[in-house]
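The structure under discussion appears below in the form of structure tokens.
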Amino acid sequence: MNPQNKPKNLQDIIKQRQQLGFVGREDQTNQFRQNLALHVEDDRRRFLYNIWGEGGVGKSTLVRQFRKIAEEAKNITAYIDEAEKTVPEVMGRLAEDLERQGHKLPQFTERYKVYRQKRQELETDPDAPQGFSAFVGKTVVKTGVRLARHVPVGGAVFDFVDGDALATQAGEWASYVAKKITNKDEVRLIQEPVEVLTPLFLQDIFKICEKTAIALFFDTYERIGEFLDNWLREILEGRHGQVSFNILITIAGRQELDENLWTGNEGLMFYRLIERYTEALQDFDCAIGLDPKSAWVIINRGETYRSMERYAEALQDFNHAIELDPRVDWAIANRGETYRLMKQYTEALQDFDCAIELDPKYAWAIAHRGETYRSMKGYTEALQDFDCAIELDPKDAWAIARRGQTYLMLKLYNEAFADFNYAIDLDSDSNWYLYNRALAYLALNQPDKARTDLVLAIKLAKQHYEKDTKDWRNAFNLALYYLAANYTQPAEQLYRYALSKGASSESIREAIQDLNNFLTVFPDHLQATSMRQLLQSSLT
């Protein structure tokens, strides 16, 4: 390395590496251990790890393993999860972790102690304005409109908060603080705690890093990222002062860090995707290795492949299971469902017919054959199958709702409304059922009741979206709900966002079909027509 270009801090390294790509996938723990052994100026050294994947796949376990490896490598470590709710609290927790290991942050700790004391005094003051305590520490007392829109780590979610009203309330909070605290430095500390405390925090960290390396771990980032994401990026961008290059940050959550927001740090990032269903596949592979003729295990692996939209591998497993036992109706029906998802409806019907012949009371197969007919617009046959399946299983909310959707397509709105009512009684948390009942309400000229259902559907879908922005099916559903509620701008933004982030072709086709169904009920809806054209153009 040219001595004249020798880096002084982490931001220098960022600038030198922005054109570098990221490392390919290797064994997770070994790669992390090897990375710690690299010199900080080695181009292969990574300073930021991103672990992401669905709930239950082992992210927190991997974080604990990484932390143990870091400690074995003589790094000081500190850990954050969803227990902290504001940036100052996060810095305070990290400082406590480091102090327990014998490394104090004197400048930060002294000022943070004053902050906590003044904050407690204000929060317990009976004269405090309404809502004050909930927002202290979030840097909104001065610039309240920052919370007018919540944007999670991986995408855009819209809250429709009245920014003017929030700004007015923020002004009241600022006046209250100025009235109660006479020291100007303390007023700024309360009004802008992040801006005051972060430089002190980084200066203390920098001094520790002159003697030893530090590894910081941020877990459950899908929850804490809402208030931490901007702060962490500002730190790496140098907004709050220099960051030592003797530091490593690991971020773990359900969503991948937004590449549009973190693109300036690409040269530092090591993307570690814990893939959906990976552990299940490993278990099934192991079981099949022990018993290659276990049709039950092979079928389950096929179902996992199908859930991953790896249809060719799913079909191979179902074919293999059927070869082992030609009369296993479960495998035949699952192969039929795979064909249905592939839109190979003729093959799907053949398999469903075969499975139902083997078991005439196989309600699941009958309901999914009905769904195949519905997809083919064979509504009479679809209704016959749904009626039969519901008679066999009167509490099958999925079949009841699909029959309701069939009635919608036939413009039998009262019948559709009755089915959606029943489905919601069975599953009140289904945003999809609420959306469909809202369509029935709209068709029956009951807009107020429709809006009530749409508001709840949006709320439920948003909650799921904030946990998993890469669930494209849910993202497109949320966009559709916005559209149905006439929130046209957020609807279009979310459709475009999903497309820009690489939504799967299968999810796009499903979203197009949902818009087709919507336009069957409301054929003159210009926004729906426009969004359908947008989605269709993305597939060409």
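Chain lettering (A, B, ...) mirrors the order of the structure tokens, residue numbering begins at 1 for each chain separately, and ligand numbering begins at 1 in order of display.
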
Range 283-387 of chain A near range 510-526 of chain A within 12 Å: what's each residue's closest atom pair and its distance in Å to one decimal, counting only C-alpha atoms, ordered by chain then ascending residue number, as JSON lines?
{"residue": "A:Leu341", "atom": "CA", "partner": "A:Glu510", "partner_atom": "CA", "distance": 9.7}
{"residue": "A:Met342", "atom": "CA", "partner": "A:Glu510", "partner_atom": "CA", "distance": 11.2}
{"residue": "A:Lys343", "atom": "CA", "partner": "A:Glu510", "partner_atom": "CA", "distance": 10.8}
{"residue": "A:Arg374", "atom": "CA", "partner": "A:Asn517", "partner_atom": "CA", "distance": 11.2}
{"residue": "A:Ser375", "atom": "CA", "partner": "A:Gln513", "partner_atom": "CA", "distance": 9.1}
{"residue": "A:Met376", "atom": "CA", "partner": "A:Gln513", "partner_atom": "CA", "distance": 11.6}
{"residue": "A:Lys377", "atom": "CA", "partner": "A:Asn517", "partner_atom": "CA", "distance": 10.9}

Excluding Ile508 in chain A and any residue of its chain fewer than 2 positions from it, enumerate the residues within 12 Å of it, using only C-alpha atoms, and give them as a PyMOL selection string. chain A and resi 471-477+495-496+498-500+502-506+510-515+531-540

What does the distance between CA of Thr124 in chain A and CA of Tyr176 in chain A come to in Å, to one decimal place?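 Computing it gives 13.3 Å between the two atoms.
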
Looking only at the backbone, which of the residues in range 303-489 of chain A does DSSP tag as helix (DSSP H, G or I), as a VMD selection string? chain A and resid 303 to 307 311 to 324 329 to 341 345 to 358 363 to 375 379 to 392 397 to 409 413 to 426 431 to 443 447 to 467 472 to 484 488 to 489

Just give me the gap between CA of Thr250 in chain A and CA of Asp204 in chain A in Å, one decimal is fine.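 Those two atoms sit 19.9 Å apart.
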
Could you name the residues that touch range 420-422 of chain A at 12 Å or less, counting only C-alpha atoms, but leaving out those on the same chain fewer than 2 positions away, as a count of residues only? 40

Which is closest to Glu371 in chain A among A:Val90, A:Leu228, A:Ala389, A:Leu122, if we use only C-alpha atoms?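 That would be A:Ala389, the residue with the smallest distance to Glu371 in chain A.
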
Set the distance at 9 Å and use only C-alpha atoms: which residues neighbour Glu303 in chain A once local chain neighbours fewer than 2 positions away are removed? I'd like the list as a ChimeraX atom specification. /A:298-301,305-308,314,317-318,334,338

Restricting the output to C-alpha atoms, write the selected residues as a PDB file, in the first residue's frame.
ATOM      1  CA  ILE A 298     -39.198 -37.122   0.101  1.00  0.00           C
ATOM      2  CA  ILE A 299     -42.688 -35.609  -0.140  1.00  0.00           C
ATOM      3  CA  ASN A 300     -41.910 -33.170   2.674  1.00  0.00           C
ATOM      4  CA  ARG A 301     -38.715 -32.088   0.932  1.00  0.00           C
ATOM      5  CA  TYR A 305     -38.876 -26.926  -2.623  1.00  0.00           C
ATOM      6  CA  ARG A 306     -42.323 -25.851  -3.788  1.00  0.00           C
ATOM      7  CA  SER A 307     -42.533 -23.227  -1.023  1.00  0.00           C
ATOM      8  CA  MET A 308     -39.197 -21.911  -2.300  1.00  0.00           C
ATOM      9  CA  ALA A 314     -40.278 -30.254  -6.158  1.00  0.00           C
ATOM     10  CA  ASP A 317     -39.263 -35.370  -5.387  1.00  0.00           C
ATOM     11  CA  PHE A 318     -42.980 -35.914  -5.943  1.00  0.00           C
ATOM     12  CA  ASN A 334     -48.978 -32.126  -4.040  1.00  0.00           C
ATOM     13  CA  THR A 338     -47.109 -27.695  -8.028  1.00  0.00           C
TER      14      THR A 338
END

Determine, counting only C-alpha atoms, which protein, DNA and RNA residues have an atom within 12 Å of an atom of Tyr115 in chain A; residues of the same chain fewer than 4 positions away are not included. Present the result as an MDAnalysis selection string. chainID A and resid 88:89 92 108:111 119:123 136:137 181 185:194 196:197

For those residues, write C-alpha atoms to a file as a PDB file, in the first residue's frame.
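Saved to selection32.pdb:
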ATOM      1  CA  PRO A  88     -29.303   7.298  23.307  1.00  0.00           C
ATOM      2  CA  GLU A  89     -30.471   4.139  25.080  1.00  0.00           C
ATOM      3  CA  GLY A  92     -25.944   3.729  26.961  1.00  0.00           C
ATOM      4  CA  PHE A 108     -20.069   9.903  27.001  1.00  0.00           C
ATOM      5  CA  THR A 109     -21.009   8.407  30.370  1.00  0.00           C
ATOM      6  CA  GLU A 110     -20.787  11.759  32.171  1.00  0.00           C
ATOM      7  CA  ARG A 111     -23.015  13.507  29.642  1.00  0.00           C
ATOM      8  CA  ARG A 119     -35.096  13.460  31.027  1.00  0.00           C
ATOM      9  CA  GLN A 120     -36.489  11.776  34.141  1.00  0.00           C
ATOM     10  CA  GLU A 121     -37.216  15.146  35.710  1.00  0.00           C
ATOM     11  CA  LEU A 122     -39.122  16.297  32.624  1.00  0.00           C
ATOM     12  CA  GLU A 123     -41.034  13.063  32.131  1.00  0.00           C
ATOM     13  CA  VAL A 136     -38.011  12.241  24.248  1.00  0.00           C
ATOM     14  CA  GLY A 137     -34.757  10.742  23.019  1.00  0.00           C
ATOM     15  CA  ILE A 181     -34.170  24.049  31.763  1.00  0.00           C
ATOM     16  CA  ASP A 185     -26.139  23.105  26.795  1.00  0.00           C
ATOM     17  CA  GLU A 186     -28.630  20.974  28.690  1.00  0.00           C
ATOM     18  CA  VAL A 187     -31.497  22.282  26.552  1.00  0.00           C
ATOM     19  CA  ARG A 188     -29.645  21.127  23.437  1.00  0.00           C
ATOM     20  CA  LEU A 189     -28.818  17.823  25.140  1.00  0.00           C
ATOM     21  CA  ILE A 190     -32.514  17.129  25.656  1.00  0.00           C
ATOM     22  CA  GLN A 191     -33.634  18.500  22.293  1.00  0.00           C
ATOM     23  CA  GLU A 192     -30.877  16.889  20.214  1.00  0.00           C
ATOM     24  CA  PRO A 193     -29.457  14.009  22.273  1.00  0.00           C
ATOM     25  CA  VAL A 194     -28.205  12.046  19.273  1.00  0.00           C
ATOM     26  CA  VAL A 196     -24.716  15.791  21.302  1.00  0.00           C
ATOM     27  CA  LEU A 197     -23.978  12.281  22.589  1.00  0.00           C
TER      28      LEU A 197
END

In terms of only C-alpha atoms, the residue from A:Ala348, A:Leu412, A:Leu281, A:Ala367 at minimal distance from Thr304 in chain A is A:Leu281

Give me, please, the distance in Å between CA of Leu494 in chain A and CA of Ala479 in chain A, quoted to one decimal.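 A separation of 5.7 Å between them.
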
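The environment of Leu324 in chain A within 9 Å, counting only C-alpha atoms and disregarding residues fewer than 3 places along the same chain, consists of Lys293, Ser294, Ala295, Asn319, His320, Ala321 and Val328 of chain A.
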
Can you list, as a PyMOL selection string, every protein, DNA or RNA residue that comes within 12 Å of Ala83 in chain A when you count only C-alpha atoms, leaving out same-chain residues fewer than 2 positions away? chain A and resi 79-81+85-87+89-90+93+218-221+223-224
